[in-house]
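Peer 1: I am sharing model01.pdb, which consists of PDB, C-alpha atoms:
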```
ATOM      1  CA  MET A  10      74.762 -10.066   9.760
ATOM      2  CA  ASN A  11      72.170  -7.290   9.606
ATOM      3  CA  ARG A  12      72.527  -3.782   8.189
ATOM      4  CA  ASN A  13      73.602  -2.154  11.476
ATOM      5  CA  GLN A  14      76.258  -4.795  12.065
ATOM      6  CA  ARG A  15      77.587  -4.344   8.534
ATOM      7  CA  ILE A  16      77.907  -0.595   9.114
ATOM      8  CA  VAL A  17      80.022  -1.166  12.243
ATOM      9  CA  VAL A  18      82.227  -3.777  10.574
ATOM     10  CA  LEU A  19      82.755  -1.432   7.615
ATOM     11  CA  MET A  20      83.863   1.360   9.967
ATOM     12  CA  LEU A  21      86.298  -0.962  11.729
ATOM     13  CA  LEU A  22      87.735  -2.112   8.406
ATOM     14  CA  LEU A  23      88.131   1.532   7.341
ATOM     15  CA  MET A  24      90.118   2.153  10.529
ATOM     16  CA  LEU A  25      92.504  -0.613   9.507
ATOM     17  CA  VAL A  26      92.743   0.627   5.913
ATOM     18  CA  LEU A  27      93.456   4.160   7.109
ATOM     19  CA  SER A  28      96.242   2.856   9.358
ATOM     20  CA  PHE A  29      97.868   1.046   6.450
ATOM     21  CA  LEU A  30      97.581   4.107   4.205
ATOM     22  CA  VAL A  31      99.282   6.537   6.584
ATOM     23  CA  TYR A  32     101.841   4.077   7.948
ATOM     24  CA  PRO A  33     104.653   5.096   5.548
ATOM     25  CA  GLN A  34     104.073   8.799   6.254
ATOM     26  CA  LEU A  35     104.549   8.695  10.029
ATOM     27  CA  PRO A  36     107.747   8.617  12.094
ATOM     28  CA  ALA A  37     108.791   5.565  14.111
ATOM     29  CA  SER A  38     107.360   7.082  17.311
ATOM     30  CA  ILE A  39     103.949   8.789  17.377
ATOM     31  CA  THR A  40     101.776  10.593  19.947
ATOM     32  CA  THR A  41      99.064   8.339  21.374
ATOM     33  CA  HIS A  42      98.041  10.032  24.626
ATOM     34  CA  TRP A  43      97.065  13.511  25.743
ATOM     35  CA  GLY A  44      96.976  15.038  29.226
ATOM     36  CA  MET A  45      94.238  16.766  31.210
ATOM     37  CA  LYS A  46      94.648  19.992  29.246
ATOM     38  CA  GLY A  47      94.971  18.290  25.884
ATOM     39  CA  GLU A  48      98.754  18.346  25.789
ATOM     40  CA  ALA A  49     100.604  15.427  24.183
ATOM     41  CA  ASN A  50     102.204  13.375  26.961
ATOM     42  CA  GLY A  51     102.334   9.780  25.732
ATOM     43  CA  PHE A  52     104.105   8.138  22.797
ATOM     44  CA  SER A  53     104.464   4.687  21.252
ATOM     45  CA  GLY A  54     105.852   2.932  18.207
ATOM     46  CA  LYS A  55     103.775   3.634  15.120
ATOM     47  CA  THR A  56     102.850  -0.026  14.557
ATOM     48  CA  PHE A  57     101.254  -0.251  17.992
ATOM     49  CA  GLY A  58      99.885   3.300  17.787
ATOM     50  CA  LEU A  59      98.211   2.781  14.427
ATOM     51  CA  PHE A  60      96.853  -0.742  14.810
ATOM     52  CA  PHE A  61      95.957  -1.054  18.483
ATOM     53  CA  MET A  62      92.755   1.000  18.193
ATOM     54  CA  PRO A  63      91.289  -0.898  15.191
ATOM     55  CA  ILE A  64      92.134  -4.320  16.648
ATOM     56  CA  PHE A  65      90.904  -3.345  20.112
ATOM     57  CA  SER A  66      87.684  -1.989  18.558
ATOM     58  CA  PHE A  67      87.101  -5.290  16.747
ATOM     59  CA  ALA A  68      87.509  -7.125  20.073
ATOM     60  CA  ILE A  69      85.093  -4.777  21.871
ATOM     61  CA  TYR A  70      82.535  -5.138  19.092
ATOM     62  CA  ALA A  71      82.703  -8.942  19.160
ATOM     63  CA  PHE A  72      82.188  -8.836  22.924
ATOM     64  CA  LEU A  73      79.260  -6.386  22.765
ATOM     65  CA  VAL A  74      77.511  -8.487  20.112
ATOM     66  CA  TRP A  75      78.170 -11.795  21.856
ATOM     67  CA  ILE A  76      77.516 -10.963  25.511
ATOM     68  CA  PRO A  77      73.749 -10.174  25.224
ATOM     69  CA  LYS A  78      73.219 -13.678  23.800
ATOM     70  CA  LEU A  79      74.263 -15.109  27.177
ATOM     71  CA  ASP A  80      71.775 -13.019  29.137
ATOM     72  CA  PRO A  81      68.989 -15.090  30.769
ATOM     73  CA  LYS A  82      66.708 -12.145  29.934
ATOM     74  CA  LYS A  83      67.842 -11.826  26.324
ATOM     75  CA  LYS A  84      64.201 -11.615  25.221
ATOM     76  CA  ASN A  85      64.038  -8.258  27.004
ATOM     77  CA  ILE A  86      67.117  -7.092  25.078
ATOM     78  CA  GLU A  87      65.266  -7.879  21.846
ATOM     79  CA  GLU A  88      62.740  -5.180  22.817
ATOM     80  CA  PHE A  89      65.370  -2.441  22.518
ATOM     81  CA  LYS A  90      67.731  -4.189  20.083
ATOM     82  CA  SER A  91      67.444  -1.497  17.409
ATOM     83  CA  THR A  92      68.317   1.212  19.962
ATOM     84  CA  TYR A  93      71.265  -0.851  21.182
ATOM     85  CA  GLU A  94      72.568  -1.384  17.650
ATOM     86  CA  THR A  95      72.210   2.316  16.862
ATOM     87  CA  PHE A  96      74.234   3.076  19.978
ATOM     88  CA  LEU A  97      76.918   0.638  18.824
ATOM     89  CA  ILE A  98      77.149   2.456  15.499
ATOM     90  CA  LEU A  99      77.645   5.772  17.290
ATOM     91  CA  PHE A 100      80.087   4.258  19.780
ATOM     92  CA  PHE A 101      82.333   2.850  17.061
ATOM     93  CA  LEU A 102      81.972   6.021  15.048
ATOM     94  CA  PHE A 103      83.399   7.707  18.145
ATOM     95  CA  MET A 104      86.275   5.199  18.190
ATOM     96  CA  PHE A 105      86.888   5.888  14.502
ATOM     97  CA  TYR A 106      86.906   9.613  15.262
ATOM     98  CA  LEU A 107      89.491   9.154  18.038
ATOM     99  CA  HIS A 108      91.641   7.128  15.669
ATOM    100  CA  LEU A 109      91.341   9.808  12.998
ATOM    101  CA  LEU A 110      92.257  12.567  15.467
ATOM    102  CA  THR A 111      95.351  10.625  16.483
ATOM    103  CA  ILE A 112      96.410  10.209  12.873
ATOM    104  CA  LEU A 113      95.774  13.850  11.960
ATOM    105  CA  TRP A 114      97.727  15.035  14.999
ATOM    106  CA  ASN A 115     100.706  12.945  14.010
ATOM    107  CA  LEU A 116     100.472  14.171  10.428
ATOM    108  CA  GLY A 117     100.934  17.712  11.722
ATOM    109  CA  MET A 118      97.364  18.979  12.319
ATOM    110  CA  LYS A 119      97.818  20.061  15.951
ATOM    111  CA  VAL A 120      94.206  20.793  16.863
ATOM    112  CA  SER A 121      93.076  21.297  20.462
ATOM    113  CA  PHE A 122      92.439  17.695  21.416
ATOM    114  CA  ASN A 123      89.977  18.565  24.188
ATOM    115  CA  GLN A 124      88.015  20.908  21.927
ATOM    116  CA  ALA A 125      87.859  18.247  19.246
ATOM    117  CA  LEU A 126      86.821  15.616  21.785
ATOM    118  CA  ALA A 127      84.018  17.558  23.498
ATOM    119  CA  PRO A 128      81.345  17.482  20.728
ATOM    120  CA  ALA A 129      81.996  13.793  20.033
ATOM    121  CA  MET A 130      81.671  12.908  23.712
ATOM    122  CA  SER A 131      78.485  14.936  23.854
ATOM    123  CA  VAL A 132      76.924  12.895  21.030
ATOM    124  CA  LEU A 133      78.101   9.652  22.646
ATOM    125  CA  PHE A 134      76.578  10.446  26.040
ATOM    126  CA  TYR A 135      73.328  11.660  24.505
ATOM    127  CA  SER A 136      72.990   8.387  22.598
ATOM    128  CA  MET A 137      73.811   6.561  25.836
ATOM    129  CA  GLY A 138      70.979   8.457  27.510
ATOM    130  CA  ILE A 139      68.569   7.307  24.807
ATOM    131  CA  LEU A 140      69.740   3.702  25.205
ATOM    132  CA  ILE A 141      69.402   3.790  28.996
ATOM    133  CA  GLY A 142      65.957   5.332  28.759
ATOM    134  CA  LYS A 143      64.728   2.462  26.548
ATOM    135  CA  ALA A 144      66.599  -0.452  28.145
ATOM    136  CA  LYS A 145      64.485  -3.237  29.600
ATOM    137  CA  LEU A 146      65.486  -5.395  32.562
ATOM    138  CA  ASN A 147      68.591  -7.445  31.764
ATOM    139  CA  TYR A 148      71.940  -8.312  33.334
ATOM    140  CA  PHE A 149      74.398  -6.634  30.965
ATOM    141  CA  ILE A 150      73.073  -3.356  29.568
ATOM    142  CA  GLY A 151      71.937  -0.495  31.778
ATOM    143  CA  ILE A 152      72.065   0.689  35.387
ATOM    144  CA  ARG A 153      72.654  -2.544  37.270
ATOM    145  CA  THR A 154      72.238  -2.143  40.998
ATOM    146  CA  PRO A 155      70.784  -4.666  43.492
ATOM    147  CA  TRP A 156      67.551  -2.651  43.476
ATOM    148  CA  THR A 157      67.037  -2.302  39.714
ATOM    149  CA  LEU A 158      67.818  -5.980  39.124
ATOM    150  CA  SER A 159      65.354  -7.109  41.792
ATOM    151  CA  ASN A 160      62.278  -5.275  40.529
ATOM    152  CA  GLU A 161      61.129  -4.417  37.012
ATOM    153  CA  LYS A 162      59.261  -1.288  38.096
ATOM    154  CA  VAL A 163      62.381  -0.018  39.850
ATOM    155  CA  TRP A 164      64.403  -0.792  36.732
ATOM    156  CA  ASP A 165      62.020   1.087  34.443
ATOM    157  CA  GLU A 166      61.722   4.228  36.571
ATOM    158  CA  THR A 167      65.445   4.374  37.350
ATOM    159  CA  HIS A 168      66.317   4.024  33.675
ATOM    160  CA  GLN A 169      63.842   6.632  32.510
ATOM    161  CA  LYS A 170      65.290   9.192  34.929
ATOM    162  CA  GLY A 171      68.844   7.910  34.527
ATOM    163  CA  GLY A 172      68.567   8.363  30.776
ATOM    164  CA  ILE A 173      67.791  12.031  31.351
ATOM    165  CA  ALA A 174      70.866  12.299  33.604
ATOM    166  CA  PHE A 175      73.114  11.011  30.818
ATOM    167  CA  LYS A 176      71.583  13.472  28.371
ATOM    168  CA  VAL A 177      72.447  16.231  30.848
ATOM    169  CA  ILE A 178      76.055  14.931  30.855
ATOM    170  CA  ALA A 179      75.982  15.283  27.062
ATOM    171  CA  ILE A 180      74.995  18.946  27.330
ATOM    172  CA  ILE A 181      77.602  19.632  30.022
ATOM    173  CA  SER A 182      80.220  17.780  27.992
ATOM    174  CA  PHE A 183      79.740  20.166  25.091
ATOM    175  CA  LEU A 184      80.925  22.989  27.364
ATOM    176  CA  GLY A 185      84.366  21.477  27.024
ATOM    177  CA  PHE A 186      84.544  22.992  23.567
ATOM    178  CA  PHE A 187      84.585  26.440  25.181
ATOM    179  CA  PHE A 188      86.565  25.529  28.321
ATOM    180  CA  ALA A 189      89.101  23.102  26.878
ATOM    181  CA  ASP A 190      91.624  23.417  29.720
ATOM    182  CA  PHE A 191      89.023  22.251  32.234
ATOM    183  CA  TYR A 192      87.185  19.786  30.005
ATOM    184  CA  ILE A 193      88.327  16.553  31.666
ATOM    185  CA  TRP A 194      87.407  17.905  35.105
ATOM    186  CA  ILE A 195      84.002  18.966  33.804
ATOM    187  CA  LEU A 196      83.419  15.571  32.186
ATOM    188  CA  PHE A 197      84.602  13.406  35.086
ATOM    189  CA  GLY A 198      82.744  15.553  37.605
ATOM    190  CA  SER A 199      79.452  15.244  35.738
ATOM    191  CA  ILE A 200      79.916  11.471  35.269
ATOM    192  CA  ILE A 201      80.580  10.954  38.993
ATOM    193  CA  ILE A 202      77.539  13.030  39.965
ATOM    194  CA  ALA A 203      75.287  11.185  37.490
ATOM    195  CA  THR A 204      76.575   7.788  38.659
ATOM    196  CA  VAL A 205      75.947   8.573  42.324
ATOM    197  CA  TYR A 206      72.545  10.019  41.420
ATOM    198  CA  THR A 207      71.395   6.878  39.587
ATOM    199  CA  ILE A 208      72.605   4.549  42.354
ATOM    200  CA  VAL A 209      70.875   6.569  45.075
ATOM    201  CA  LEU A 210      67.800   6.984  42.889
ATOM    202  CA  SER A 211      67.477   3.236  42.369
ATOM    203  CA  TYR A 212      67.559   2.668  46.140
ATOM    204  CA  PHE A 213      64.853   5.208  46.938
ATOM    205  CA  VAL A 214      62.664   4.068  44.045
ATOM    206  CA  TYR A 215      63.006   0.506  45.347
ATOM    207  CA  LYS A 216      62.005   1.566  48.867
ATOM    208  CA  ARG A 217      58.941   3.386  47.520
ATOM    209  CA  VAL A 218      57.846   0.643  45.122
ATOM    210  CA  THR A 219      58.205  -2.149  47.677
ATOM    211  CA  LYS A 220      56.402  -0.086  50.313
ATOM    212  CA  ASP A 221      53.511   0.590  47.922
ATOM    213  CA  SER A 222      53.214  -3.150  47.159
ATOM    214  CA  GLU A 223      52.884  -4.157  50.822
TER
END
```
Would it be possible to restate this file's structure as structure tokens?
Peer 2:
Amino acid sequence: MNRNQRIVVLMLLLMLVLSFLVYPQLPASITTHWGMKGEANGFSGKTFGLFFMPIFSFAIYAFLVWIPKLDPKKKNIEEFKSTYETFLILFFLFMFYLHLLTILWNLGMKVSFNQALAPAMSVLFYSMGILIGKAKLNYFIGIRTPWTLSNEKVWDETHQKGGIAFKVIAIISFLGFFFADFYIWILFGSIIIATVYTIVLSYFVYKRVTKDSE
């Protein structure tokens, strides 16, 4: 286990420890879901509410570490492994942050959930943009369309421009801090636009690259 992996495992263990520490202080039913405007609208028993996120995060981490090893192009993943592992640290830091927000809310700190979420989502999408921009051709990580997977040049150009698109989402996401009531609409709208953009982009890049090679 390398340094980056140890950092993630430590964060996941801290999530579990935190759950155990606050368990006696919380009521039998706690808030675990918030609506489009950040209002509490979902509840569960505190055992499930406190321990689902840490256990689920452990499962996701095991999957994200294991799945690249199955990739026929795993040598390409090695080329951006450090970027991928840095992204994993930030992703699970985000999960830890969500867990902490849930606990603080249920302890009585009723912050605006959307306002609190916006900066964290912004950091997550920016780091995703960096990862996408550096990803090399593989079958598990990146913008996987029929056109990117069929041609390395198409993959590289699509990912360079797609990485910029995800960084733009990060900037737009931060606006949610100032427009909390509309944050989810802003976020989902920008994600849909960026997704359509990258799919269409990959097609037109493929058409150009294959035409140039004829």
Peer 1: Could you tell me which residues the PyMOL selection byres ((chain A and resi 97-100) around 12) returns for this structure, as number ranges by chain?
Peer 2: A: 12-21, 66-67, 69-74, 90-96, 101-107, 129-137, 139-140
Peer 1: Name the residues captured by the PyMOL selection byres ((chain A and resi 39-51) around 10) when it is applied to the shown file; answer as an MDAnalysis selection string.
Peer 2: chainID A and resid 35:38 52:59 108 110:112 114:116 119:126 188:194
Peer 1: Draw an axis-aligned box tight on the listed atoms of region 152-159 of chain A, then pad every side by 6 Å and write out centre and edge lengths in Å to one decimal as JSON.
Peer 2:
```
{"center_x": 69.0, "center_y": -3.2, "center_z": 39.4, "size_x": 19.3, "size_y": 19.8, "size_z": 20.1}
```
Peer 1: Find the residues near Ser159 (chain A): any atom within 12 Å, counting all atoms listed in the file, skip ones fewer than 6 places away on the same chain, and give them as a PyMOL selection string.
Peer 2: chain A and resi 146-148+153+165+211-212+214-216+218-219
Peer 1: In file coordinates, which residues lie within 6 Å of (75.7, -6.2, 27.5) using all atoms listed in the file, given as a count of residues only?
Peer 2: 5
Peer 1: Just say which residues the PyMOL selection byres ((chain A and resi 178) around 12) picks in this file, as a PyMOL selection string.
Peer 2: chain A and resi 127-128+130-138+171-177+179-185+195-204
Peer 1: Find the distance between CA of Trp156 (chain A) and CA of Val209 (chain A) and write it in Å to one decimal.
Peer 2: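 Between CA of Trp156 (chain A) and CA of Val209 (chain A) the gap is 9.9 Å.
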Peer 1: Point out the residue among A:Phe186, A:Ile152, A:Glu161, A:Tyr32 with the least atom-to-atom distance to Leu210 (chain A), counting all atoms listed in the file.
Peer 2: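 Once distances to Leu210 (chain A) are computed over all atoms listed in the file, the minimum belongs to A:Ile152.
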Peer 1: What is the CA of Lys82 (chain A) to CA of Ala144 (chain A) distance in Å?
Peer 2: 11.8 Å
Peer 1: Could you state the separation of CA of Gly142 (chain A) and CA of Lys170 (chain A) in Å, given to one decimal place?
Peer 2: 7.3 Å
Peer 1: Calculated over all atoms listed in the file, which of the candidates A:His168, A:Glu88, A:Lys220, A:Pro81 has the smallest distance to Thr207 (chain A)?
Peer 2: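 Ranking A:His168, A:Glu88, A:Lys220, A:Pro81 by distance to Thr207 (chain A), first place goes to A:His168.
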Peer 1: Counting only C-alpha atoms, figure out which residue out of A:Phe89, A:Leu158, A:Trp164, A:Gly117 gets nearest to Lys143 (chain A).
Peer 2: A:Phe89
